Amino acid sequence: MSRIQALETLVVNKIAAGEVVERPGSVVKELLENSVDALASRVEVDIVEGGTELIRIADDGEGIHPDDLSLAVTSHATSKIRGSDDLFRVRTMGFRGEALASIASISRLKLRSRQAGAEHGSELAVDGGQIGPLQPCGCPVGTVTEVRSLFFNTPVRRKFLRSISTEFGHISEQFTRIALACPRLAAVLRHNERMVYELPPTDQVVDRLRLFFGSDLADRLIWVESQTDSARLWGYAGHPSESRSTRKCQYLFLNGRFIQDRSLQHALGEAYRGLLMTGRYPVAFLFLELSPELVDVNIHPTKAEVRFRDAQSLYRQLLSTLRTRFLTADLESTVSIPAGLQLAPQRPAVDPKRQLDLQLELAAWAKDSLAQWLPPVSLPEDSTRSFGQIGTEPLSADGIFNSAATYPGLQTHIEPGAQPTWFPAPVEFGAADASPSDAEGIMPGAGGASAGPGSPVRQIMQVHDCYLVVETDEGITVIDQHALHERVMYEHLRCRVIEGAVESQKMLVPQPLEFGPREVAALLENKDLLSRLGYGVDEFGGTTVLLAAYPAMLAQADHSRLLADIADQLAAAGQKPSRRDILDSLLHLMACKAAVKAGQRLKPEEMESLLAQRHLIDDAHHCPHGRPTALVLTRTELDRQFGRLG
Ligand code: ADP
Ligand code: MG
């Protein structure tokens with residue numbers, strides 16, 4: 001083997017460049033960070049051909065002293081730290097003194113800078129690492145860094161560049177991250193002389209979010225905030241309906257630096273558990289502020305990853321902040337029919353007098369013809385009585401809602417003497433607000449139940465044996481009966497499991513059930529977990545398991561099939577998921593299996609019961625799989641679509 005030699009500076013820098021400069025976007029990131037560190041209030045970024053031809057960043061920051069210009073492009077030379085102790089006090093974006101030297105070694109770089117008070121600026125050119133002479137030049141206070149022909153002397157790297165638009169996409173992403181981290185920084189991005197972003201300074205991150213991600217997303221963001229002894233977390237969580245198929249719309253900033261952190265990403269996912277469908281990722285813009293001593297940013301050349309002293313407590317903080325916030329946030333999905341999509345062909349303008357006549361005519365006709373086959377308004381004696389029973393006692397024990405029967409707190413309570421709500425709710429033609437005492441009803445209604453806090457239900461009907469359509473103060477709500485029931489069941493089960501109080505029904509004679517060998521092993525291995533869910537299983541030998549007990553509230557479920565699915569999940573969960581994860585997915589599964597199905601005709605009292613339970617759960621808006629349970633069509637939206645507004 002040959003003898004050891006120290007590498008030439010140029011080679012060292014090229015090696016470092018391999019780590020720091022992956023593509024033009026990385027150059028933009030490093031240069032923008034330098035402008036931020038120089039306390040610039042404005043940056044202009046000019047890009048030509050995706051940054052392969054030119055990257056020029058001009059700022060109005062503090063500038064570089066002429067004597068320091070050549071040091072600026074020398075590796076491990078920095079104005080930001082002095083000693084190793086400073087590594088744990090870093091408040092700037094840069095501190096390694098590596099970026100400019102690296103970039104200069106693989107491009108044709110030009111630095112022009114002028115400090116306040118200096119008569120003129122100074123310019124330094126570096127060509128593939130070869131530093132040229134320092135020259136005076138005219139320029140405003142601040143720094144202009146120009147990078148041409150990136151990778152001109154590293155052909156392999158150049159070959160790995162993607163299309164111009166892809167590379168520009170990466171640049172734009174880096175620009176976005178800095179712009180979000182520093183909203184007070186006025187920032188301009190041009191590509192091939194075309195303006196892409198022109199961002200005025202602002203105090204509100206949300207202004208920038210609106211510009212980058214659109215008003216639809218920005219207007220529905222949920223503000224979150226929390227403070228512990230060591231950390232402040234604030235920012236915006238996306239509405240569940242704004243989920244994405246990747247994590248790309250998750251922005252996490254630590255002390256103004258965009259970072260990626262698996263643990264915190266996981267916490268974010270956990271916070272949205274049950275609100276999003278599998279394979280969907282929440283949108284979030286979160287800002288974490290903590291003392292620099294509590295984090296090591298020096299573990300990655302581009303500082304994209306950091307190491308927290310107490311990652312666990314940050315995990316808990318993020319999770320609980322979001323979870324707590326979601327309890328009070330309005331997560332309901334509101335249907336907004338895209339403009340231009342008409343529900344019906346636009347009506348020609350109608351003479352108002354003629355329209356009124358038509359309405360009166362129609363009302364008169366409806367009154368006569370419908371009255372013949374609609375039940376009378378006054379209610380028969382017995383129906384009132386049967387209604388009273390529902391109000392004071394649990395629903396029939398064998399009914400599909402016997403979860404309510406088991407837990408008194410979840411019974412359907414309806415005011416004594418109230419209208420039997422599945423009977424036709426009286427509606428007066430022409431009256432905007434139907435009152436219960438006058439005129440004939442046109443459809444089954446629910447006067448007493450509630451579709452959620454603050455929105456009393458006036459009408460309810462089941463359509464296609466699948467959806468409940470409910471009239472509320474705000475408009476109409478369409479509820480997916482299965483999704484809602486599933487959610488209700490899930491919450492009941494979860495509460496019970498947390499309290500350790502799932503009622504278990506013992507079987508008089510244990511029932512033998514057959515499974516595959518893998519499933520049998522999985523069930524028996526997880527006996528204690530199953531017992532928390534109310535299932536008692538015992539070994540019988542071979543591929544048979546004895547079912548000794550089942551959760552009382554799932555009396556109607558097909559336990560053999562349910563356990564087969566549970567066993568499947570347990571067996572498939574290869575890489576040791578946490579008990580909590582397993583438990584949670586089993587709860588989802590049980591809730592889904594036990595819930596009323598789409599296509600099942602519901603009795604009026606069953607609809608009632610389901611709706612009445614709706615407000616008892618924290619998030620009635622999504623089933624545990626994340627599908628929405630309800631869609632709201634607001635009165636305004638209806639009016640807008642039918643041309644009654646404006
Ligand atoms: P680092 O940012 O880690 O210090 P760089 O190689 O990015 O390393 O920059 C080297 C030095 O050049 C910085 O420490 C800073 O003093 C100076 N510098 C670079 N860009 C600018 C700028 N836009 N404005 C003022 N000074 C700058
Ligand atoms: Mg730097």
# chains A, B, ... in the order shown; residues from 1 in each chain; ligands from 1

call {"tool": "residues_around", "arguments": {"residues": "Leu468 of chain A", "least_positions_apart": "4", "cutoff": "12 Å", "atoms": "only C-alpha atoms", "output": "number ranges by chain"}}
result
A: 444-446, 451, 457, 459-464, 476-485, 598-604, 606-608, 610-611, 629-632

call {"tool": "residues_near_ligand", "arguments": {"ligand": "ligand 1", "cutoff": "8 Å", "atoms": "only C-alpha atoms and all ligand atoms", "output": "ChimeraX atom specification"}}
result
/A:30-38,40,58-59,61-64,68-69,71-81,93-102,113,142-145

call {"tool": "write_last_selection", "arguments": {"atoms": "N, CA and C atoms", "output": "short mmCIF file (atom, residue, chain, number, x, y, z; two decimals), in the first residue's frame"}}
result
data_model
loop_
_atom_site.label_atom_id
_atom_site.label_comp_id
_atom_site.auth_asym_id
_atom_site.auth_seq_id
_atom_site.Cartn_x
_atom_site.Cartn_y
_atom_site.Cartn_z
N GLU A 30 -27.91 27.31 0.60
CA GLU A 30 -26.73 27.83 1.32
C GLU A 30 -26.62 29.34 1.18
N LEU A 31 -26.87 29.84 -0.04
CA LEU A 31 -26.71 31.28 -0.25
C LEU A 31 -27.81 32.06 0.46
N LEU A 32 -29.01 31.54 0.41
CA LEU A 32 -30.10 32.22 1.11
C LEU A 32 -29.83 32.24 2.62
N GLU A 33 -29.32 31.15 3.13
CA GLU A 33 -29.01 31.10 4.57
C GLU A 33 -27.95 32.15 4.92
N ASN A 34 -26.99 32.31 4.03
CA ASN A 34 -25.97 33.34 4.29
C ASN A 34 -26.60 34.73 4.33
N SER A 35 -27.56 34.97 3.45
CA SER A 35 -28.22 36.28 3.45
C SER A 35 -29.01 36.49 4.74
N VAL A 36 -29.67 35.43 5.20
CA VAL A 36 -30.42 35.53 6.45
C VAL A 36 -29.47 35.81 7.60
N ASP A 37 -28.35 35.10 7.63
CA ASP A 37 -27.36 35.31 8.69
C ASP A 37 -26.79 36.73 8.65
N ALA A 38 -26.75 37.30 7.43
CA ALA A 38 -26.22 38.67 7.30
C ALA A 38 -27.29 39.71 7.60
N ALA A 40 -30.17 40.34 6.26
CA ALA A 40 -30.75 41.03 5.11
C ALA A 40 -32.24 41.23 5.34
N ALA A 58 -28.84 38.28 -4.52
CA ALA A 58 -28.41 39.60 -4.07
C ALA A 58 -29.15 39.94 -2.79
N ASP A 59 -28.42 40.36 -1.76
CA ASP A 59 -29.09 40.76 -0.51
C ASP A 59 -28.64 42.14 -0.08
N GLY A 61 -27.82 42.76 3.08
CA GLY A 61 -27.33 42.48 4.44
C GLY A 61 -26.06 43.24 4.79
N GLU A 62 -25.38 42.76 5.85
CA GLU A 62 -24.24 43.49 6.41
C GLU A 62 -23.02 43.53 5.51
N GLY A 63 -22.96 42.63 4.54
CA GLY A 63 -21.82 42.61 3.64
C GLY A 63 -20.57 41.99 4.25
N ILE A 64 -19.54 41.83 3.44
CA ILE A 64 -18.30 41.20 3.90
C ILE A 64 -17.17 42.23 3.78
N ASP A 68 -11.84 40.12 4.08
CA ASP A 68 -12.36 38.79 4.41
C ASP A 68 -12.88 38.03 3.20
N LEU A 69 -12.92 38.72 2.07
CA LEU A 69 -13.56 38.07 0.91
C LEU A 69 -12.90 36.74 0.54
N LEU A 71 -11.25 34.86 2.51
CA LEU A 71 -11.51 33.89 3.59
C LEU A 71 -12.91 33.28 3.45
N ALA A 72 -13.81 34.11 2.94
CA ALA A 72 -15.19 33.63 2.80
C ALA A 72 -15.26 32.40 1.90
N VAL A 73 -14.34 32.33 0.92
CA VAL A 73 -14.37 31.18 0.02
C VAL A 73 -13.31 30.14 0.41
N THR A 74 -12.76 30.29 1.59
CA THR A 74 -11.80 29.30 2.11
C THR A 74 -12.54 28.38 3.07
N SER A 75 -12.24 27.08 2.99
CA SER A 75 -13.02 26.16 3.82
C SER A 75 -12.68 26.33 5.30
N HIS A 76 -13.65 26.04 6.13
CA HIS A 76 -13.54 26.16 7.58
C HIS A 76 -13.16 27.56 8.02
N ALA A 77 -13.60 28.55 7.25
CA ALA A 77 -13.42 29.94 7.68
C ALA A 77 -14.82 30.53 7.82
N THR A 78 -15.12 31.02 8.99
CA THR A 78 -16.47 31.53 9.23
C THR A 78 -16.45 32.70 10.20
N SER A 79 -17.43 33.57 10.10
CA SER A 79 -17.54 34.67 11.05
C SER A 79 -18.55 34.33 12.14
N LYS A 80 -19.08 33.09 12.11
CA LYS A 80 -20.25 32.80 12.95
C LYS A 80 -19.94 32.08 14.26
N ILE A 81 -18.87 31.33 14.29
CA ILE A 81 -18.45 30.76 15.58
C ILE A 81 -16.95 30.97 15.74
N MET A 93 -27.75 30.28 10.83
CA MET A 93 -28.02 29.13 9.98
C MET A 93 -26.72 28.40 9.65
N GLY A 94 -25.68 29.18 9.37
CA GLY A 94 -24.40 28.57 9.05
C GLY A 94 -23.45 28.64 10.22
N PHE A 95 -22.40 27.83 10.19
CA PHE A 95 -21.34 27.91 11.19
C PHE A 95 -20.16 27.04 10.79
N ARG A 96 -20.33 26.24 9.73
CA ARG A 96 -19.27 25.31 9.36
C ARG A 96 -18.23 25.96 8.44
N GLY A 97 -18.56 27.10 7.87
CA GLY A 97 -17.61 27.79 6.99
C GLY A 97 -17.22 26.95 5.79
N GLU A 98 -18.14 26.19 5.29
CA GLU A 98 -17.82 25.22 4.25
C GLU A 98 -18.49 25.52 2.92
N ALA A 99 -19.68 26.16 3.00
CA ALA A 99 -20.53 26.23 1.82
C ALA A 99 -19.86 26.97 0.66
N LEU A 100 -19.42 28.20 0.91
CA LEU A 100 -18.87 28.98 -0.21
C LEU A 100 -17.63 28.30 -0.80
N ALA A 101 -16.78 27.76 0.06
CA ALA A 101 -15.58 27.08 -0.44
C ALA A 101 -15.98 25.88 -1.31
N SER A 102 -16.96 25.13 -0.85
CA SER A 102 -17.41 23.96 -1.61
C SER A 102 -17.99 24.38 -2.95
N SER A 113 -19.35 42.46 -2.70
CA SER A 113 -19.92 42.83 -1.41
C SER A 113 -19.49 44.23 -0.99
N GLY A 142 -24.45 45.40 0.80
CA GLY A 142 -24.98 44.04 0.78
C GLY A 142 -24.04 43.14 0.00
N THR A 143 -24.55 41.99 -0.36
CA THR A 143 -23.71 41.00 -1.03
C THR A 143 -24.43 40.40 -2.23
N VAL A 144 -23.70 40.26 -3.33
CA VAL A 144 -24.24 39.54 -4.48
C VAL A 144 -23.36 38.32 -4.70
N THR A 145 -23.96 37.15 -4.68
CA THR A 145 -23.19 35.93 -4.94
C THR A 145 -23.70 35.33 -6.23
#

call {"tool": "select_by_dssp", "arguments": {"residues": "segment 142-185 of chain A", "states": "helix (DSSP H, G or I)", "output": "PyMOL selection string"}}
result
chain A and resi 155-159+164-181

call {"tool": "residues_around", "arguments": {"residues": "segment 549-559 of chain A", "least_positions_apart": "5", "cutoff": "6 Å", "atoms": "only C-alpha atoms", "output": "count of residues only"}}
result
10

call {"tool": "residues_around", "arguments": {"residues": "Arg184 of chain A", "least_positions_apart": "5", "cutoff": "10 Å", "atoms": "only C-alpha atoms", "output": "VMD selection string"}}
result
chain A and resid 40 to 42 179 199 to 205

call {"tool": "write_last_selection", "arguments": {"atoms": "all heavy atoms", "output": "JSON list (two decimals), in the first residue's frame"}}
result
[["chain", "number", "residue", "atom", "x", "y", "z"],
["A", 40, "ALA", "N", -30.17, 40.34, 6.26],
["A", 40, "ALA", "CA", -30.75, 41.03, 5.11],
["A", 40, "ALA", "C", -32.24, 41.23, 5.34],
["A", 40, "ALA", "O", -32.89, 40.46, 6.03],
["A", 40, "ALA", "CB", -30.52, 40.20, 3.85],
["A", 41, "SER", "N", -32.77, 42.31, 4.77],
["A", 41, "SER", "CA", -34.23, 42.48, 4.84],
["A", 41, "SER", "C", -34.85, 42.19, 3.47],
["A", 41, "SER", "O", -36.06, 42.12, 3.34],
["A", 41, "SER", "CB", -34.59, 43.89, 5.30],
["A", 41, "SER", "OG", -34.02, 44.83, 4.43],
["A", 42, "ARG", "N", -33.98, 42.04, 2.46],
["A", 42, "ARG", "CA", -34.50, 41.74, 1.13],
["A", 42, "ARG", "C", -33.50, 40.87, 0.36],
["A", 42, "ARG", "O", -32.29, 41.11, 0.42],
["A", 42, "ARG", "CB", -34.72, 43.07, 0.36],
["A", 42, "ARG", "CG", -35.23, 42.87, -1.04],
["A", 42, "ARG", "CD", -35.45, 44.21, -1.73],
["A", 42, "ARG", "NE", -35.81, 43.98, -3.12],
["A", 42, "ARG", "CZ", -37.04, 43.71, -3.54],
["A", 42, "ARG", "NH1", -38.04, 43.67, -2.68],
["A", 42, "ARG", "NH2", -37.28, 43.48, -4.82],
["A", 179, "ALA", "N", -38.52, 31.37, 2.92],
["A", 179, "ALA", "CA", -39.55, 32.41, 2.95],
["A", 179, "ALA", "C", -40.54, 32.17, 4.10],
["A", 179, "ALA", "O", -41.05, 33.11, 4.69],
["A", 179, "ALA", "CB", -40.29, 32.45, 1.62],
["A", 199, "LEU", "N", -42.44, 38.37, -2.87],
["A", 199, "LEU", "CA", -43.05, 38.31, -1.55],
["A", 199, "LEU", "C", -42.74, 39.56, -0.74],
["A", 199, "LEU", "O", -41.58, 39.81, -0.41],
["A", 199, "LEU", "CB", -42.55, 37.09, -0.79],
["A", 199, "LEU", "CG", -42.59, 35.74, -1.51],
["A", 199, "LEU", "CD1", -41.93, 34.67, -0.66],
["A", 199, "LEU", "CD2", -44.03, 35.35, -1.83],
["A", 200, "PRO", "N", -43.77, 40.34, -0.43],
["A", 200, "PRO", "CA", -43.53, 41.48, 0.44],
["A", 200, "PRO", "C", -43.28, 40.98, 1.87],
["A", 200, "PRO", "O", -43.73, 39.89, 2.22],
["A", 200, "PRO", "CB", -44.84, 42.27, 0.37],
["A", 200, "PRO", "CG", -45.87, 41.26, -0.03],
["A", 200, "PRO", "CD", -45.17, 40.19, -0.79],
["A", 201, "PRO", "N", -42.58, 41.77, 2.67],
["A", 201, "PRO", "CA", -42.37, 41.32, 4.06],
["A", 201, "PRO", "C", -43.69, 41.32, 4.82],
["A", 201, "PRO", "O", -44.59, 42.09, 4.50],
["A", 201, "PRO", "CB", -41.42, 42.38, 4.62],
["A", 201, "PRO", "CG", -41.59, 43.57, 3.75],
["A", 201, "PRO", "CD", -41.99, 43.08, 2.40],
["A", 202, "THR", "N", -43.81, 40.43, 5.79],
["A", 202, "THR", "CA", -45.03, 40.35, 6.58],
["A", 202, "THR", "C", -44.71, 39.82, 7.97],
["A", 202, "THR", "O", -43.68, 39.16, 8.17],
["A", 202, "THR", "CB", -46.07, 39.43, 5.90],
["A", 202, "THR", "OG1", -47.15, 39.21, 6.81],
["A", 202, "THR", "CG2", -45.48, 38.08, 5.54],
["A", 203, "ASP", "N", -45.61, 40.09, 8.91],
["A", 203, "ASP", "CA", -45.45, 39.53, 10.25],
["A", 203, "ASP", "C", -46.16, 38.20, 10.37],
["A", 203, "ASP", "O", -45.99, 37.48, 11.35],
["A", 203, "ASP", "CB", -46.03, 40.49, 11.30],
["A", 203, "ASP", "CG", -45.11, 41.66, 11.54],
["A", 203, "ASP", "OD1", -43.90, 41.49, 11.29],
["A", 203, "ASP", "OD2", -45.60, 42.73, 11.93],
["A", 204, "GLN", "N", -47.00, 37.91, 9.40],
["A", 204, "GLN", "CA", -47.86, 36.74, 9.49],
["A", 204, "GLN", "C", -47.41, 35.65, 8.51],
["A", 204, "GLN", "O", -47.49, 35.83, 7.30],
["A", 204, "GLN", "CB", -49.30, 37.12, 9.13],
["A", 204, "GLN", "CG", -49.88, 38.23, 9.99],
["A", 204, "GLN", "CD", -50.08, 37.75, 11.41],
["A", 204, "GLN", "OE1", -50.38, 36.58, 11.65],
["A", 204, "GLN", "NE2", -49.92, 38.65, 12.36],
["A", 205, "VAL", "N", -46.99, 34.54, 9.06],
["A", 205, "VAL", "CA", -46.60, 33.41, 8.21],
["A", 205, "VAL", "C", -47.75, 33.03, 7.29],
["A", 205, "VAL", "O", -47.55, 32.64, 6.14],
["A", 205, "VAL", "CB", -46.24, 32.19, 9.07],
["A", 205, "VAL", "CG1", -45.82, 31.03, 8.19],
["A", 205, "VAL", "CG2", -45.13, 32.53, 10.03]]

call {"tool": "closest_residue", "arguments": {"among": "A:Thr278, A:Ser172, A:Ser122, A:Ser2", "to": "Pro24 of chain A", "atoms": "only C-alpha atoms"}}
result
A:Ser172

call {"tool": "residues_around", "arguments": {"residues": "Ala567 of chain A", "least_positions_apart": "2", "cutoff": "10 Å", "atoms": "only C-alpha atoms", "output": "list in words"}}
result
Phe515, Gly516, Arg518, Glu519, Val520, Ala521, Ala522, Leu523, Leu524, Asn526, Arg561, Leu562, Leu563, Ala564, Asp565, Gln569, Leu570, Ala571, Ala572, Ala573 and Leu586 of chain A

call {"tool": "closest_residue", "arguments": {"among": "A:Cys137, A:Pro301, A:Arg23, A:Glu491", "to": "ligand 2", "atoms": "only C-alpha atoms and all ligand atoms"}}
result
A:Pro301

call {"tool": "residues_around", "arguments": {"residues": "segment 492-499 of chain A", "least_positions_apart": "5", "cutoff": "7 Å", "atoms": "only C-alpha atoms", "output": "list in words"}}
result
Arg532, Leu533 and Leu587 of chain A

call {"tool": "write_last_selection", "arguments": {"atoms": "C-alpha atoms", "output": "JSON list (two decimals), in the first residue's frame"}}
result
[["chain", "number", "residue", "atom", "x", "y", "z"],
["A", 532, "ARG", "CA", -58.36, -5.88, 27.39],
["A", 533, "LEU", "CA", -60.70, -5.83, 24.43],
["A", 587, "LEU", "CA", -60.34, -1.10, 17.96]]

call {"tool": "atom_distance", "arguments": {"atom1": "atom CA of Met277 of chain A", "atom2": "atom CA of Ala329 of chain A"}}
result
18.8 Å

call {"tool": "closest_residue", "arguments": {"among": "A:Lys303, A:Asn192, A:Met489, A:Asp60", "to": "ligand 2", "atoms": "only C-alpha atoms and all ligand atoms"}}
result
A:Lys303

call {"tool": "residues_around", "arguments": {"residues": "Val28 of chain A", "least_positions_apart": "2", "cutoff": "12 Å", "atoms": "only C-alpha atoms", "output": "ChimeraX atom specification"}}
result
/A:20-26,30-35,43-47,50-52,54-58,99-100,103,145-147,150,167-178,189

call {"tool": "write_last_selection", "arguments": {"atoms": "N, CA and C atoms", "output": "compact mmCIF listing (two decimals), in the first residue's frame"}}
result
# COMPACT_ATOMS: atom_id res chain seq x y z
N VAL A 20 -22.36 18.74 0.52
CA VAL A 20 -23.19 19.93 0.74
C VAL A 20 -24.00 20.29 -0.51
N VAL A 21 -23.38 20.11 -1.69
CA VAL A 21 -24.04 20.56 -2.91
C VAL A 21 -24.47 19.37 -3.76
N GLU A 22 -25.68 18.99 -3.57
CA GLU A 22 -26.20 17.86 -4.32
C GLU A 22 -26.71 18.31 -5.68
N ARG A 23 -27.29 19.51 -5.69
CA ARG A 23 -27.91 20.03 -6.91
C ARG A 23 -28.05 21.55 -6.78
N PRO A 24 -28.46 22.24 -7.84
CA PRO A 24 -28.57 23.70 -7.77
C PRO A 24 -29.38 24.17 -6.56
N GLY A 25 -30.41 23.42 -6.22
CA GLY A 25 -31.24 23.80 -5.07
C GLY A 25 -30.42 23.92 -3.79
N SER A 26 -29.40 23.06 -3.65
CA SER A 26 -28.57 23.13 -2.44
C SER A 26 -27.79 24.44 -2.40
N GLU A 30 -27.91 27.31 0.60
CA GLU A 30 -26.73 27.83 1.32
C GLU A 30 -26.62 29.34 1.18
N LEU A 31 -26.87 29.84 -0.04
CA LEU A 31 -26.71 31.28 -0.25
C LEU A 31 -27.81 32.06 0.46
N LEU A 32 -29.01 31.54 0.41
CA LEU A 32 -30.10 32.22 1.11
C LEU A 32 -29.83 32.24 2.62
N GLU A 33 -29.32 31.15 3.13
CA GLU A 33 -29.01 31.10 4.57
C GLU A 33 -27.95 32.15 4.92
N ASN A 34 -26.99 32.31 4.03
CA ASN A 34 -25.97 33.34 4.29
C ASN A 34 -26.60 34.73 4.33
N SER A 35 -27.56 34.97 3.45
CA SER A 35 -28.22 36.28 3.45
C SER A 35 -29.01 36.49 4.74
N VAL A 43 -34.02 39.86 -0.31
CA VAL A 43 -33.17 39.05 -1.19
C VAL A 43 -33.82 38.92 -2.56
N GLU A 44 -32.98 38.90 -3.57
CA GLU A 44 -33.49 38.64 -4.92
C GLU A 44 -32.74 37.46 -5.49
N VAL A 45 -33.51 36.48 -5.92
CA VAL A 45 -32.90 35.26 -6.44
C VAL A 45 -33.17 35.17 -7.94
N ASP A 46 -32.10 35.12 -8.73
CA ASP A 46 -32.27 34.98 -10.17
C ASP A 46 -31.69 33.65 -10.61
N ILE A 47 -32.49 32.91 -11.33
CA ILE A 47 -32.08 31.58 -11.75
C ILE A 47 -32.16 31.51 -13.27
N GLY A 50 -32.82 26.44 -14.59
CA GLY A 50 -32.87 25.56 -13.41
C GLY A 50 -31.63 25.64 -12.54
N GLY A 51 -30.88 26.73 -12.69
CA GLY A 51 -29.70 26.91 -11.84
C GLY A 51 -28.44 26.28 -12.41
N THR A 52 -28.58 25.61 -13.56
CA THR A 52 -27.39 24.98 -14.15
C THR A 52 -26.51 26.03 -14.82
N LEU A 54 -26.97 29.69 -14.20
CA LEU A 54 -26.70 30.79 -13.28
C LEU A 54 -27.61 30.75 -12.05
N ILE A 55 -26.98 31.01 -10.91
CA ILE A 55 -27.72 31.26 -9.67
C ILE A 55 -27.16 32.57 -9.13
N ARG A 56 -28.00 33.58 -9.01
CA ARG A 56 -27.49 34.83 -8.47
C ARG A 56 -28.39 35.26 -7.32
N ILE A 57 -27.77 35.51 -6.19
CA ILE A 57 -28.54 35.96 -5.04
C ILE A 57 -27.97 37.27 -4.54
N ALA A 58 -28.84 38.28 -4.52
CA ALA A 58 -28.41 39.60 -4.07
C ALA A 58 -29.15 39.94 -2.79
N ALA A 99 -19.68 26.16 3.00
CA ALA A 99 -20.53 26.23 1.82
C ALA A 99 -19.86 26.97 0.66
N LEU A 100 -19.42 28.20 0.91
CA LEU A 100 -18.87 28.98 -0.21
C LEU A 100 -17.63 28.30 -0.80
N ILE A 103 -18.89 25.36 -2.90
CA ILE A 103 -19.54 25.79 -4.13
C ILE A 103 -18.49 26.35 -5.11
N THR A 145 -23.96 37.15 -4.68
CA THR A 145 -23.19 35.93 -4.94
C THR A 145 -23.70 35.33 -6.23
N GLU A 146 -22.77 35.10 -7.16
CA GLU A 146 -23.17 34.62 -8.47
C GLU A 146 -22.50 33.27 -8.71
N VAL A 147 -23.28 32.29 -9.04
CA VAL A 147 -22.71 30.96 -9.29
C VAL A 147 -23.06 30.54 -10.70
N LEU A 150 -22.46 25.49 -12.68
CA LEU A 150 -22.32 24.56 -11.56
C LEU A 150 -21.96 23.17 -12.08
N GLU A 167 -35.15 20.62 -11.53
CA GLU A 167 -34.16 21.33 -10.73
C GLU A 167 -34.73 22.66 -10.23
N PHE A 168 -35.50 23.31 -11.07
CA PHE A 168 -36.09 24.56 -10.60
C PHE A 168 -37.09 24.29 -9.48
N GLY A 169 -37.78 23.16 -9.59
CA GLY A 169 -38.71 22.76 -8.52
C GLY A 169 -37.99 22.67 -7.18
N HIS A 170 -36.81 22.08 -7.18
CA HIS A 170 -36.04 21.97 -5.93
C HIS A 170 -35.63 23.36 -5.43
N ILE A 171 -35.26 24.21 -6.37
CA ILE A 171 -34.87 25.57 -5.98
C ILE A 171 -36.05 26.29 -5.34
N SER A 172 -37.18 26.15 -5.99
CA SER A 172 -38.39 26.82 -5.50
C SER A 172 -38.74 26.31 -4.10
N GLU A 173 -38.53 25.03 -3.87
CA GLU A 173 -38.82 24.46 -2.56
C GLU A 173 -37.89 25.07 -1.49
N GLN A 174 -36.62 25.21 -1.83
CA GLN A 174 -35.68 25.81 -0.88
C GLN A 174 -36.06 27.26 -0.59
N PHE A 175 -36.45 27.94 -1.64
CA PHE A 175 -36.89 29.33 -1.51
C PHE A 175 -38.10 29.41 -0.57
N THR A 176 -39.05 28.49 -0.79
CA THR A 176 -40.26 28.45 0.03
C THR A 176 -39.93 28.26 1.51
N ARG A 177 -39.03 27.33 1.77
CA ARG A 177 -38.69 27.04 3.17
C ARG A 177 -38.11 28.27 3.87
N ILE A 178 -37.20 28.96 3.18
CA ILE A 178 -36.62 30.16 3.80
C ILE A 178 -37.69 31.24 3.95
N LEU A 189 -38.16 35.71 -6.45
CA LEU A 189 -37.57 34.59 -7.19
C LEU A 189 -37.93 34.72 -8.66

call {"tool": "atom_distance", "arguments": {"atom1": "atom CA of Leu513 of chain A", "atom2": "atom CA of Ala548 of chain A"}}
result
10.5 Å

call {"tool": "closest_atom_pairs", "arguments": {"of": "segment 143-228 of chain A", "to": "segment 307-324 of chain A", "cutoff": "10 Å", "atoms": "only C-alpha atoms", "output": "JSON lines"}}
result
{"residue": "A:Ile222", "atom": "CA", "partner": "A:Leu322", "partner_atom": "CA", "distance": 9.2}
{"residue": "A:Trp223", "atom": "CA", "partner": "A:Leu322", "partner_atom": "CA", "distance": 9.3}
{"residue": "A:Val224", "atom": "CA", "partner": "A:Leu322", "partner_atom": "CA", "distance": 6.6}
{"residue": "A:Glu225", "atom": "CA", "partner": "A:Thr321", "partner_atom": "CA", "distance": 6.8}
{"residue": "A:Ser226", "atom": "CA", "partner": "A:Thr321", "partner_atom": "CA", "distance": 6.3}
{"residue": "A:Gln227", "atom": "CA", "partner": "A:Gln317", "partner_atom": "CA", "distance": 8.5}
{"residue": "A:Thr228", "atom": "CA", "partner": "A:Gln317", "partner_atom": "CA", "distance": 8.0}
